$ cat data_31.cif   # mmCIF, C-alpha atoms
data_target
loop_
_atom_site.label_atom_id
_atom_site.label_comp_id
_atom_site.auth_asym_id
_atom_site.auth_seq_id
_atom_site.Cartn_x
_atom_site.Cartn_y
_atom_site.Cartn_z
CA MET A 6 117.89 80.89 107.04
CA ALA A 7 116.94 82.21 103.63
CA LEU A 8 119.33 83.63 101.06
CA MET A 9 120.39 87.26 101.26
CA PRO A 10 123.46 89.34 100.41
CA LYS A 11 126.34 89.47 102.88
CA ARG A 12 126.95 93.20 102.53
CA VAL A 13 124.76 95.91 101.05
CA LYS A 14 125.21 99.59 100.38
CA HIS A 15 121.71 100.57 101.52
CA ARG A 16 119.31 98.75 103.88
CA LYS A 17 116.17 99.62 101.93
CA SER A 18 115.45 99.99 98.22
CA GLN A 19 112.70 101.49 96.11
CA ARG A 20 110.32 99.13 94.35
CA GLY A 21 111.20 99.93 90.74
CA ARG A 22 109.53 98.47 87.64
CA LEU A 23 110.26 95.27 85.73
CA ARG A 24 110.19 96.27 82.08
CA GLY A 25 111.25 94.29 79.03
CA ASN A 26 112.86 90.89 78.71
CA ALA A 27 115.99 89.44 80.27
CA THR A 28 119.02 90.13 78.11
CA ARG A 29 121.42 88.42 80.52
CA GLY A 30 121.06 85.14 82.36
CA ASN A 31 118.73 83.88 79.62
CA ARG A 32 120.79 80.91 78.41
CA VAL A 33 121.35 77.49 79.91
CA VAL A 34 125.06 77.68 80.74
CA PHE A 35 126.03 75.14 83.41
CA GLY A 36 123.61 72.22 83.07
CA ASP A 37 121.79 70.54 80.20
CA PHE A 38 118.24 71.68 80.96
CA GLY A 39 116.76 74.80 82.49
CA LEU A 40 113.63 76.33 83.92
CA GLN A 41 112.94 79.66 82.25
CA ALA A 42 110.58 82.38 83.48
CA THR A 43 108.11 83.64 80.88
CA GLN A 44 106.68 86.31 83.18
CA ALA A 45 108.23 89.09 85.21
CA GLY A 46 108.01 89.09 88.97
CA TRP A 47 109.71 89.07 92.33
CA ILE A 48 110.74 85.67 93.69
CA LYS A 49 111.20 85.54 97.46
CA ALA A 50 114.34 84.03 98.95
CA GLN A 51 112.13 81.50 100.74
CA THR A 52 110.54 80.47 97.43
CA ILE A 53 113.95 80.03 95.75
CA GLU A 54 114.97 77.82 98.68
CA ALA A 55 111.70 75.85 98.57
CA GLY A 56 112.20 75.20 94.87
CA ARG A 57 115.77 74.13 95.42
CA ILE A 58 114.77 71.67 98.15
CA ALA A 59 111.95 70.24 96.01
CA ALA A 60 114.35 69.65 93.12
CA GLN A 61 117.18 68.37 95.30
CA GLN A 62 114.93 65.79 96.95
CA TYR A 63 113.93 64.48 93.53
CA VAL A 64 117.46 64.45 92.12
CA ARG A 65 118.85 62.90 95.36
CA GLY A 66 122.44 63.89 94.69
CA GLU A 67 122.54 62.11 91.30
CA GLY A 68 122.39 65.13 89.06
CA ARG A 69 123.66 68.62 89.67
CA LEU A 70 121.25 71.49 90.34
CA TYR A 71 122.27 75.08 89.70
CA VAL A 72 120.32 78.04 91.12
CA ARG A 73 120.76 80.93 88.71
CA ILE A 74 118.96 83.70 90.61
CA PHE A 75 119.82 85.46 93.86
CA PRO A 76 117.64 87.72 96.04
CA HIS A 77 119.45 91.06 95.94
CA LYS A 78 116.46 93.29 96.68
CA PRO A 79 115.15 94.02 100.19
CA VAL A 80 111.38 94.43 100.62
CA THR A 81 110.07 96.44 103.55
CA SER A 82 106.71 96.38 105.25
CA ILE A 83 104.89 98.34 107.95
CA PRO A 84 103.64 96.34 110.98
CA LEU A 85 99.88 95.72 111.38
CA GLU A 86 97.77 98.26 113.26
CA THR A 87 100.30 101.01 112.71
CA ARG A 88 99.18 104.51 111.78
CA MET A 89 100.25 105.74 108.38
CA GLY A 90 103.32 107.90 108.09
CA LYS A 91 106.41 107.79 110.27
CA GLY A 92 108.58 106.74 107.39
CA LYS A 93 109.33 103.61 105.41
CA GLY A 94 108.92 100.23 107.12
CA GLU A 95 111.64 97.81 108.10
CA PRO A 96 113.15 95.20 105.70
CA GLU A 97 111.09 92.01 105.96
CA TYR A 98 112.38 89.72 103.25
CA TRP A 99 114.57 89.55 100.14
CA VAL A 100 113.53 88.99 96.54
CA ALA A 101 115.12 88.25 93.16
CA CYS A 102 113.82 90.40 90.31
CA VAL A 103 112.99 88.13 87.39
CA LYS A 104 112.26 89.22 83.83
CA PRO A 105 110.81 87.03 81.07
CA GLY A 106 113.61 84.86 79.71
CA THR A 107 115.58 84.52 82.96
CA ILE A 108 116.81 81.00 83.66
CA LEU A 109 115.85 80.26 87.27
CA TYR A 110 117.34 76.80 87.76
CA GLU A 111 119.50 74.43 85.72
CA LEU A 112 119.95 70.70 85.94
CA GLY A 113 122.80 68.55 84.61
CA GLY A 114 123.70 64.87 84.74
CA VAL A 115 120.13 63.57 84.41
CA THR A 116 117.99 62.43 81.48
CA GLU A 117 115.48 64.76 79.87
CA GLU A 118 112.54 62.79 81.34
CA GLN A 119 113.97 63.10 84.84
CA ALA A 120 114.64 66.81 84.34
CA ARG A 121 111.07 67.39 83.13
CA VAL A 122 109.57 65.64 86.17
CA CYS A 123 111.91 67.48 88.51
CA PHE A 124 111.17 70.90 87.04
CA ALA A 125 107.41 70.18 87.01
CA ARG A 126 107.58 69.68 90.80
CA LEU A 127 109.63 72.83 91.13
CA ALA A 128 107.41 74.91 88.82
CA HIS A 129 104.43 74.49 91.18
CA LYS A 130 106.27 76.55 93.76
CA MET A 131 107.11 79.45 91.45
CA PRO A 132 105.07 82.67 91.51
CA VAL A 133 105.77 83.27 87.78
CA ARG A 134 104.94 81.21 84.70
CA VAL A 135 107.87 79.06 83.66
CA ARG A 136 108.80 76.66 80.90
CA PHE A 137 111.28 73.86 80.33
CA VAL A 138 114.22 74.68 78.05
CA ARG A 139 117.21 72.82 76.68
CA ARG A 140 120.71 74.11 76.09
CA ARG A 141 120.80 76.40 73.05
CA PRO A 142 122.99 75.17 70.15
CA VAL A 143 126.41 76.83 69.95
CA MET B 12 131.24 69.12 56.38
CA SER B 13 129.31 71.88 54.69
CA ALA B 14 125.62 72.14 53.82
CA GLU B 15 123.96 74.06 51.01
CA LEU B 16 121.84 77.06 51.89
CA THR B 17 119.81 79.12 49.43
CA VAL B 18 119.99 82.84 50.08
CA ARG B 19 118.40 85.91 48.57
CA ARG B 20 119.90 89.37 48.34
CA ARG B 21 118.13 91.75 50.73
CA ASP B 22 117.52 95.36 49.70
CA GLU B 23 115.25 96.31 52.57
CA ARG B 24 117.11 97.57 55.66
CA GLY B 25 116.19 98.77 59.11
CA ARG B 26 114.15 97.53 62.03
CA ARG B 27 110.69 97.73 60.49
CA ALA B 28 111.78 96.12 57.23
CA VAL B 29 113.45 93.16 58.97
CA ARG B 30 110.40 92.67 61.19
CA ARG B 31 108.28 92.43 58.04
CA LEU B 32 110.83 89.98 56.65
CA ARG B 33 110.65 87.77 59.77
CA ARG B 34 106.86 87.67 59.53
CA THR B 35 107.19 86.16 56.06
CA GLY B 36 109.32 83.27 57.37
CA GLU B 37 112.73 84.64 56.43
CA ILE B 38 115.62 85.79 58.58
CA PRO B 39 117.98 88.68 57.85
CA ALA B 40 121.63 87.73 57.47
CA ILE B 41 124.87 89.34 56.38
CA LEU B 42 127.89 88.03 54.49
CA TYR B 43 131.28 89.63 55.15
CA GLY B 44 134.99 88.97 55.29
CA HIS B 45 138.18 88.85 53.16
CA GLY B 46 138.04 92.62 52.65
CA GLN B 47 135.20 92.29 50.16
CA GLU B 48 131.86 94.06 50.24
CA ASN B 49 129.28 93.24 52.90
CA ILE B 50 126.18 91.67 51.37
CA PRO B 51 122.85 91.80 53.24
CA LEU B 52 120.98 88.53 52.69
CA ALA B 53 117.69 86.87 53.58
CA VAL B 54 117.50 83.15 54.36
CA SER B 55 114.67 80.77 55.09
CA ALA B 56 114.03 80.62 58.85
CA LYS B 57 113.23 76.92 58.70
CA ALA B 58 116.41 76.04 56.81
CA ILE B 59 118.74 78.01 59.06
CA ASP B 60 116.99 76.69 62.18
CA GLN B 61 117.64 73.12 61.05
CA LEU B 62 121.29 73.85 60.30
CA VAL B 63 121.91 75.60 63.62
CA HIS B 64 120.22 72.85 65.64
CA HIS B 65 122.19 70.24 63.73
CA GLY B 66 125.42 72.02 64.67
CA THR B 67 126.47 72.86 61.09
CA LYS B 68 129.19 75.50 60.98
CA LEU B 69 130.16 75.60 57.32
CA VAL B 70 127.63 76.43 54.59
CA ASP B 71 127.79 76.70 50.82
CA LEU B 72 125.70 79.73 49.99
CA ARG B 73 123.69 79.39 46.79
CA GLY B 74 121.28 81.68 44.99
CA ALA B 75 122.26 85.36 45.19
CA VAL B 76 125.89 84.43 46.01
CA HIS B 77 128.08 81.39 45.38
CA GLU B 78 130.50 81.30 48.29
CA GLN B 79 131.54 79.15 51.20
CA ALA B 80 130.92 80.75 54.56
CA LEU B 81 131.17 80.06 58.27
CA ILE B 82 128.16 80.68 60.52
CA ARG B 83 130.00 83.05 62.80
CA GLU B 84 127.22 84.43 64.98
CA VAL B 85 123.58 83.60 65.56
CA GLN B 86 121.40 86.14 67.35
CA TRP B 87 118.43 84.81 69.33
CA ASN B 88 115.43 86.52 70.87
CA PRO B 89 115.54 86.91 74.67
CA LEU B 90 113.47 83.76 75.22
CA GLY B 91 115.95 81.81 73.07
CA ASN B 92 113.33 80.20 70.84
CA GLU B 93 113.69 82.22 67.61
CA ILE B 94 116.70 83.13 65.52
CA LEU B 95 116.78 86.86 64.78
CA HIS B 96 119.88 87.29 62.62
CA VAL B 97 122.82 85.31 61.25
CA ASP B 98 126.37 86.40 60.40
CA PHE B 99 128.13 84.54 57.58
CA PHE B 100 131.90 84.90 57.34
CA ARG B 101 133.58 84.24 53.99
CA VAL B 102 136.14 81.44 54.12
CA SER B 103 138.41 79.81 51.57
CA ALA B 104 139.53 76.18 51.50
CA GLY B 105 142.97 76.38 53.14
CA GLU B 106 142.13 79.06 55.67
CA ARG B 107 142.34 78.61 59.46
CA VAL B 108 139.32 79.82 61.38
CA ARG B 109 138.38 80.21 65.03
CA THR B 110 135.04 78.86 66.11
CA THR B 111 133.26 77.23 69.03
CA VAL B 112 132.15 73.61 68.77
CA PRO B 113 129.92 71.67 71.15
CA ILE B 114 131.32 68.75 73.15
CA HIS B 115 129.18 65.59 73.25
CA LEU B 116 129.73 62.66 75.60
CA ARG B 117 129.72 59.16 74.11
CA GLY B 118 129.57 55.77 75.81
CA GLU B 119 128.69 54.65 79.27
CA ALA B 120 131.14 55.40 82.05
CA PRO B 121 131.97 52.53 84.42
CA GLY B 122 132.10 55.15 87.19
CA ALA B 123 128.34 55.66 86.85
CA ARG B 124 127.80 51.94 87.52
CA HIS B 125 130.09 52.17 90.57
CA GLY B 126 127.91 54.82 92.17
CA GLY B 127 129.52 57.94 90.69
CA VAL B 128 127.90 60.91 88.96
CA ILE B 129 129.10 62.12 85.56
CA GLU B 130 129.49 65.89 85.60
CA HIS B 131 129.85 67.47 82.18
CA VAL B 132 131.73 70.65 83.02
CA LEU B 133 132.82 72.04 79.64
CA HIS B 134 130.01 71.96 77.08
CA GLU B 135 131.74 73.84 74.27
CA LEU B 136 135.31 74.43 73.16
CA GLU B 137 136.88 77.20 71.11
CA LEU B 138 139.03 75.80 68.30
CA GLU B 139 141.44 77.15 65.73
CA CYS B 140 141.14 74.81 62.80
CA PRO B 141 141.59 74.57 59.01
CA VAL B 142 138.25 75.01 57.28
CA GLY B 143 138.50 71.58 55.67
CA SER B 144 138.65 69.72 58.98
CA LEU B 145 136.18 71.80 60.96
CA PRO B 146 134.09 69.38 63.06
CA GLU B 147 130.38 69.82 63.77
CA ARG B 148 131.00 68.59 67.29
CA LEU B 149 133.66 66.90 69.41
CA ASP B 150 132.76 63.44 70.67
CA VAL B 151 134.37 62.50 73.96
CA ASN B 152 134.42 58.82 74.79
CA ILE B 153 133.79 58.32 78.50
CA ALA B 154 133.83 54.50 78.36
CA ALA B 155 136.98 54.42 80.53
CA LEU B 156 135.95 57.08 83.04
CA ASP B 157 135.84 55.71 86.59
CA VAL B 158 135.02 57.40 89.90
CA GLY B 159 137.52 60.14 90.71
CA GLN B 160 138.83 60.38 87.14
CA ALA B 161 138.55 63.33 84.77
CA ILE B 162 139.09 64.08 81.09
CA HIS B 163 140.91 67.35 80.40
CA VAL B 164 141.11 69.55 77.31
CA ARG B 165 144.66 68.26 76.58
CA GLU B 166 143.30 64.68 76.32
CA LEU B 167 140.68 65.51 73.68
CA GLU B 168 141.05 64.02 70.21
CA LEU B 169 141.03 67.00 67.89
CA PRO B 170 140.74 66.90 64.09
CA PRO B 171 144.03 67.15 62.13
CA GLY B 172 145.54 70.62 62.29
CA ALA B 173 143.16 71.82 65.00
CA ARG B 174 144.29 73.60 68.17
CA ALA B 175 142.19 74.10 71.29
CA LEU B 176 142.17 77.69 72.52
CA ALA B 177 141.09 76.77 76.05
CA ALA B 178 143.55 76.02 78.86
CA PRO B 179 144.86 72.43 78.53
CA ASP B 180 144.20 71.71 82.22
CA LEU B 181 140.52 72.57 82.00
CA VAL B 182 138.26 69.67 83.01
CA VAL B 183 135.81 68.61 80.31
CA VAL B 184 134.03 65.85 82.20
CA HIS B 185 134.64 64.09 85.48
CA CYS B 186 133.09 61.35 87.56
CA VAL B 187 132.53 62.20 91.21
CA LEU B 188 130.78 60.52 94.08
CA PRO B 189 127.30 61.89 94.77
CA ARG B 190 127.39 64.44 97.54
CA GLY B 191 124.18 63.13 99.06
CA VAL B 192 121.05 65.11 99.79
CA ALA B 193 122.23 66.45 103.14
CA ALA B 194 125.46 67.82 101.71
CA ALA B 195 123.63 69.32 98.76
CA GLU B 196 121.11 70.98 101.04
CA GLU B 197 123.81 72.53 103.18
CA GLU B 198 125.49 73.94 100.10
CA LEU B 199 123.50 77.10 99.62
CA VAL B 200 122.29 77.85 103.11
CA ALA B 201 123.78 81.08 104.39
CA PRO B 202 125.34 81.18 107.85
CA ALA B 203 122.58 81.54 110.42
CA ALA B 204 124.26 84.33 112.35
CA ALA B 205 123.15 87.56 110.72
CA THR B 206 119.50 88.44 110.17
CA GLU B 207 120.37 91.55 108.24
CA PRO B 208 123.39 92.10 105.97
CA GLU B 209 126.29 94.25 106.94
CA LEU B 210 126.23 97.79 105.56
CA VAL B 211 129.00 99.02 103.31
CA ARG B 212 130.07 102.23 104.96
CA ARG B 213 132.80 104.65 104.00
CA LYS B 214 135.56 104.49 106.56
CA PRO B 215 135.69 107.65 108.68
CA GLU B 216 138.61 109.85 107.67
CA LYS B 217 141.39 110.15 110.19
CA GLU B 218 140.95 113.18 112.37
CA GLU B 219 143.65 115.75 111.92
CA PRO B 220 145.67 116.39 115.05
CA ALA B 221 144.48 119.40 117.00
CA GLU B 222 146.58 122.45 116.63
#

$ encode --input "data_31.cif" --output "structure tokens"
Amino acid sequence: MALMPKRVKHRKSQRGRLRGNATRGNRVVFGDFGLQATQAGWIKAQTIEAGRIAAQQYVRGEGRLYVRIFPHKPVTSIPLETRMGKGKGEPEYWVACVKPGTILYELGGVTEEQARVCFARLAHKMPVRVRFVRRRPV
Amino acid sequence: MSAELTVRRRDERGRRAVRRLRRTGEIPAILYGHGQENIPLAVSAKAIDQLVHHGTKLVDLRGAVHEQALIREVQWNPLGNEILHVDFFRVSAGERVRTTVPIHLRGEAPGARHGGVIEHVLHELELECPVGSLPERLDVNIAALDVGQAIHVRELELPPGARALAAPDLVVVHCVLPRGVAAAEEELVAPAAATEPELVRRKPEKEEPAE
């Protein structure tokens, strides 16, 4: 079961545009190292989960992994072989809207080498370009 | 401990002027405090980057001004890789200031050898401290930290005259047993019941009794 909100105000949402950079959620806050998006895009709930599992299997309970994004946005689609019209399709999956600068995952309690290897495995699963970042000085 | 920083008075103002300034390897800054005039400054990007990454809080400004100042705020670009602007706050020797200092862990915890995981919970602490004893960072010795133990804010060794502004019961670092992969994987998985979230609906107003 992929991530999705418990309660929503509306079942369907408009697509919208991803403009500009992330002005929130762009600092490593909980862990020591982070994986930062350098591109904008939608990340599916399934992809967030796949990344989390890939990282968790590498860390094996030694370090602490933090997932900093959540899929708040429903995406609808129209079934195959359906005639056009008849309204908007049904919600199919959920996505997190990511802007350049957003920290996707954080890792604490591991060395930098371990964190780099872990995030490299995780980065392969991401649909946006990402980079490794350290905690910003206070 | 304070470091020397050479600054230049900045006459150019506004977005386009500071962008030009940043292209030349300088960063706009401002000096304020003590009810005196605000002075716009320009500092070398390389020098301020080194100071900030080193954790220096107190600087002796030289060049256009001769004053001691606290680096009160550093503005970063959204990707967090470039400093955009720095605020310097005038301070005098005996003054007490409020600032945030990073917390570093020192030593090797015996709990880690006994199968525990060290979780660093609080990475920075807000302090009220005399300028003279302002630390660059707080070192926390975890050489006695075993599984199931924690170090709280009240147990931190602060410099003389310093006071922590965080709650004394706040955990700084603790050593816990690893939760295991299975437990960690269960952590985020939502309950399998609903395939679609519940809708937030306005409750229907009570019907008025029929006349």

$ resolve_selection --input "data_31.cif" --expression "the PyMOL selection byres ((chain B and resi 171) around 9)" --output "short mmCIF file (atom, residue, chain, number, x, y, z; two decimals) with C-alpha atoms, in the coordinates of the input"
data_model
loop_
_atom_site.label_atom_id
_atom_site.label_comp_id
_atom_site.auth_asym_id
_atom_site.auth_seq_id
_atom_site.Cartn_x
_atom_site.Cartn_y
_atom_site.Cartn_z
CA CYS B 140 141.14 74.81 62.80
CA PRO B 141 141.59 74.57 59.01
CA SER B 144 138.65 69.72 58.98
CA LEU B 169 141.03 67.00 67.89
CA PRO B 170 140.74 66.90 64.09
CA GLY B 172 145.54 70.62 62.29
CA ALA B 173 143.16 71.82 65.00
CA ARG B 174 144.29 73.60 68.17
#

$ resolve_selection --input "data_31.cif" --expression "the PyMOL selection byres ((chain A) within 6 of (chain B))" --output "PyMOL selection string"
chain A and resi 6+11-14+28+65-67+106+114+142

$ atom_distance --input "data_31.cif" --atom1 "atom CA of B:Asp60" --atom2 "atom CA of B:Val97"
10.4 Å

$ residues_around --input "data_31.cif" --residues "B:Ile41" --least-positions-apart "3" --cutoff "6 Å" --atoms "only C-alpha atoms" --output "list in words"
Ile50, Pro51, Leu52, Asp98 and Phe99 of chain B

$ closest_residue --input "data_31.cif" --among "B:Gln79, B:Gln160, B:Ser55, B:Gln47" --to "B:Leu95" --atoms "only C-alpha atoms"
B:Ser55

$ atom_distance --input "data_31.cif" --atom1 "atom CA of A:Leu127" --atom2 "atom CA of A:Tyr71"
12.9 Å

$ closest_residue --input "data_31.cif" --among "A:Ile74, A:Ala128, A:Val64, A:Val115" --to "A:Arg29" --atoms "all atoms listed in the file"
A:Ile74

$ closest_residue --input "data_31.cif" --among "B:Lys57, B:Arg109, B:His96, B:Arg117" --to "B:Leu81" --atoms "only C-alpha atoms"
B:Arg109

$ atom_distance --input "data_31.cif" --atom1 "atom CA of B:Leu145" --atom2 "atom CA of A:Leu112"
29.8 Å

$ residues_around --input "data_31.cif" --residues "B:Ala155" --least-positions-apart "2" --cutoff "9 Å" --atoms "all atoms listed in the file" --output "PyMOL selection string"
chain B and resi 118-122+152-153+157

$ closest_residue --input "data_31.cif" --among "A:Ala60, A:Ala42, A:Leu8, A:Leu70" --to "A:Ile108" --atoms "only C-alpha atoms"
A:Ala42

$ closest_residue --input "data_31.cif" --among "B:Arg20, B:His185, B:His163, B:Arg34" --to "B:His77" --atoms "all atoms listed in the file"
B:Arg20

$ resolve_selection --input "data_31.cif" --expression "the PyMOL selection byres ((chain A and resi 95-104) around 7)" --output "ChimeraX atom specification"
/A:9,17,23,26-27,44-50,74-83,93-94,105-107

$ residues_around --input "data_31.cif" --residues "B:Leu176" --least-positions-apart "6" --cutoff "8 Å" --atoms "all atoms listed in the file" --output "PyMOL selection string"
chain B and resi 136-139

$ residues_around --input "data_31.cif" --residues "stretch 14-18 of chain B" --least-positions-apart "5" --cutoff "6 Å" --atoms "all atoms listed in the file" --output "number ranges by chain"
B: 53-54, 70-75

$ decode --input "data_31.cif" --residues "stretch 23-45 of chain B" --atoms "N, CA, C and O atoms" --output "PDB file, in the first residue's frame"
ATOM      1  N   GLU B  23      26.506  50.895  -3.627  1.00  0.00           N
ATOM      2  CA  GLU B  23      25.487  50.415  -4.567  1.00  0.00           C
ATOM      3  C   GLU B  23      24.410  49.629  -3.799  1.00  0.00           C
ATOM      4  O   GLU B  23      24.733  48.837  -2.917  1.00  0.00           O
ATOM      5  N   ARG B  24      23.166  49.870  -4.132  1.00  0.00           N
ATOM      6  CA  ARG B  24      22.037  49.208  -3.452  1.00  0.00           C
ATOM      7  C   ARG B  24      21.131  48.581  -4.501  1.00  0.00           C
ATOM      8  O   ARG B  24      21.233  48.897  -5.675  1.00  0.00           O
ATOM      9  N   GLY B  25      20.264  47.738  -4.055  1.00  0.00           N
ATOM     10  CA  GLY B  25      19.233  47.183  -4.930  1.00  0.00           C
ATOM     11  C   GLY B  25      19.650  45.861  -5.543  1.00  0.00           C
ATOM     12  O   GLY B  25      20.803  45.462  -5.518  1.00  0.00           O
ATOM     13  N   ARG B  26      18.631  45.168  -6.102  1.00  0.00           N
ATOM     14  CA  ARG B  26      18.806  43.812  -6.589  1.00  0.00           C
ATOM     15  C   ARG B  26      19.866  43.694  -7.692  1.00  0.00           C
ATOM     16  O   ARG B  26      20.739  42.844  -7.640  1.00  0.00           O
ATOM     17  N   ARG B  27      19.785  44.603  -8.670  1.00  0.00           N
ATOM     18  CA  ARG B  27      20.710  44.472  -9.807  1.00  0.00           C
ATOM     19  C   ARG B  27      22.141  44.778  -9.367  1.00  0.00           C
ATOM     20  O   ARG B  27      23.087  44.134  -9.811  1.00  0.00           O
ATOM     21  N   ALA B  28      22.277  45.754  -8.489  1.00  0.00           N
ATOM     22  CA  ALA B  28      23.623  46.124  -8.030  1.00  0.00           C
ATOM     23  C   ALA B  28      24.256  44.992  -7.221  1.00  0.00           C
ATOM     24  O   ALA B  28      25.436  44.692  -7.394  1.00  0.00           O
ATOM     25  N   VAL B  29      23.462  44.330  -6.357  1.00  0.00           N
ATOM     26  CA  VAL B  29      24.059  43.261  -5.542  1.00  0.00           C
ATOM     27  C   VAL B  29      24.343  42.026  -6.399  1.00  0.00           C
ATOM     28  O   VAL B  29      25.262  41.264  -6.113  1.00  0.00           O
ATOM     29  N   ARG B  30      23.558  41.835  -7.450  1.00  0.00           N
ATOM     30  CA  ARG B  30      23.865  40.717  -8.361  1.00  0.00           C
ATOM     31  C   ARG B  30      25.204  40.962  -9.057  1.00  0.00           C
ATOM     32  O   ARG B  30      26.000  40.043  -9.213  1.00  0.00           O
ATOM     33  N   ARG B  31      25.422  42.211  -9.459  1.00  0.00           N
ATOM     34  CA  ARG B  31      26.718  42.556 -10.076  1.00  0.00           C
ATOM     35  C   ARG B  31      27.845  42.321  -9.074  1.00  0.00           C
ATOM     36  O   ARG B  31      28.899  41.800  -9.419  1.00  0.00           O
ATOM     37  N   LEU B  32      27.566  42.697  -7.827  1.00  0.00           N
ATOM     38  CA  LEU B  32      28.565  42.541  -6.762  1.00  0.00           C
ATOM     39  C   LEU B  32      28.919  41.062  -6.565  1.00  0.00           C
ATOM     40  O   LEU B  32      30.087  40.698  -6.463  1.00  0.00           O
ATOM     41  N   ARG B  33      27.888  40.209  -6.557  1.00  0.00           N
ATOM     42  CA  ARG B  33      28.129  38.766  -6.347  1.00  0.00           C
ATOM     43  C   ARG B  33      28.931  38.188  -7.500  1.00  0.00           C
ATOM     44  O   ARG B  33      29.730  37.281  -7.294  1.00  0.00           O
ATOM     45  N   ARG B  34      28.731  38.706  -8.694  1.00  0.00           N
ATOM     46  CA  ARG B  34      29.492  38.183  -9.847  1.00  0.00           C
ATOM     47  C   ARG B  34      30.978  38.505  -9.727  1.00  0.00           C
ATOM     48  O   ARG B  34      31.808  37.821 -10.294  1.00  0.00           O
ATOM     49  N   THR B  35      31.296  39.558  -8.970  1.00  0.00           N
ATOM     50  CA  THR B  35      32.713  39.924  -8.811  1.00  0.00           C
ATOM     51  C   THR B  35      33.367  39.206  -7.620  1.00  0.00           C
ATOM     52  O   THR B  35      34.500  39.522  -7.269  1.00  0.00           O
ATOM     53  N   GLY B  36      32.635  38.286  -6.984  1.00  0.00           N
ATOM     54  CA  GLY B  36      33.235  37.508  -5.889  1.00  0.00           C
ATOM     55  C   GLY B  36      33.063  38.150  -4.523  1.00  0.00           C
ATOM     56  O   GLY B  36      33.769  37.775  -3.579  1.00  0.00           O
ATOM     57  N   GLU B  37      32.147  39.100  -4.433  1.00  0.00           N
ATOM     58  CA  GLU B  37      31.870  39.711  -3.122  1.00  0.00           C
ATOM     59  C   GLU B  37      30.420  39.433  -2.730  1.00  0.00           C
ATOM     60  O   GLU B  37      29.593  39.104  -3.575  1.00  0.00           O
ATOM     61  N   ILE B  38      30.153  39.595  -1.448  1.00  0.00           N
ATOM     62  CA  ILE B  38      28.799  39.335  -0.942  1.00  0.00           C
ATOM     63  C   ILE B  38      28.324  40.575  -0.199  1.00  0.00           C
ATOM     64  O   ILE B  38      29.086  41.157   0.579  1.00  0.00           O
ATOM     65  N   PRO B  39      27.062  40.987  -0.438  1.00  0.00           N
ATOM     66  CA  PRO B  39      26.554  42.139   0.314  1.00  0.00           C
ATOM     67  C   PRO B  39      26.331  41.762   1.784  1.00  0.00           C
ATOM     68  O   PRO B  39      25.974  40.624   2.084  1.00  0.00           O
ATOM     69  N   ALA B  40      26.567  42.726   2.644  1.00  0.00           N
ATOM     70  CA  ALA B  40      26.370  42.497   4.081  1.00  0.00           C
ATOM     71  C   ALA B  40      25.887  43.799   4.696  1.00  0.00           C
ATOM     72  O   ALA B  40      25.916  44.858   4.043  1.00  0.00           O
ATOM     73  N   ILE B  41      25.417  43.714   5.918  1.00  0.00           N
ATOM     74  CA  ILE B  41      24.988  44.926   6.623  1.00  0.00           C
ATOM     75  C   ILE B  41      25.461  44.847   8.069  1.00  0.00           C
ATOM     76  O   ILE B  41      25.494  43.771   8.644  1.00  0.00           O
ATOM     77  N   LEU B  42      25.825  46.007   8.600  1.00  0.00           N
ATOM     78  CA  LEU B  42      26.224  46.090  10.011  1.00  0.00           C
ATOM     79  C   LEU B  42      25.210  46.957  10.735  1.00  0.00           C
ATOM     80  O   LEU B  42      24.912  48.074  10.277  1.00  0.00           O
ATOM     81  N   TYR B  43      24.649  46.451  11.839  1.00  0.00           N
ATOM     82  CA  TYR B  43      23.668  47.223  12.593  1.00  0.00           C
ATOM     83  C   TYR B  43      23.772  46.922  14.077  1.00  0.00           C
ATOM     84  O   TYR B  43      24.515  46.026  14.484  1.00  0.00           O
ATOM     85  N   GLY B  44      22.984  47.648  14.856  1.00  0.00           N
ATOM     86  CA  GLY B  44      22.921  47.385  16.292  1.00  0.00           C
ATOM     87  C   GLY B  44      23.387  48.551  17.141  1.00  0.00           C
ATOM     88  O   GLY B  44      23.997  49.506  16.637  1.00  0.00           O
ATOM     89  N   HIS B  45      23.051  48.495  18.449  1.00  0.00           N
ATOM     90  CA  HIS B  45      23.441  49.503  19.447  1.00  0.00           C
ATOM     91  C   HIS B  45      22.885  50.881  19.121  1.00  0.00           C
ATOM     92  O   HIS B  45      23.453  51.889  19.536  1.00  0.00           O
TER      93      HIS B  45
END
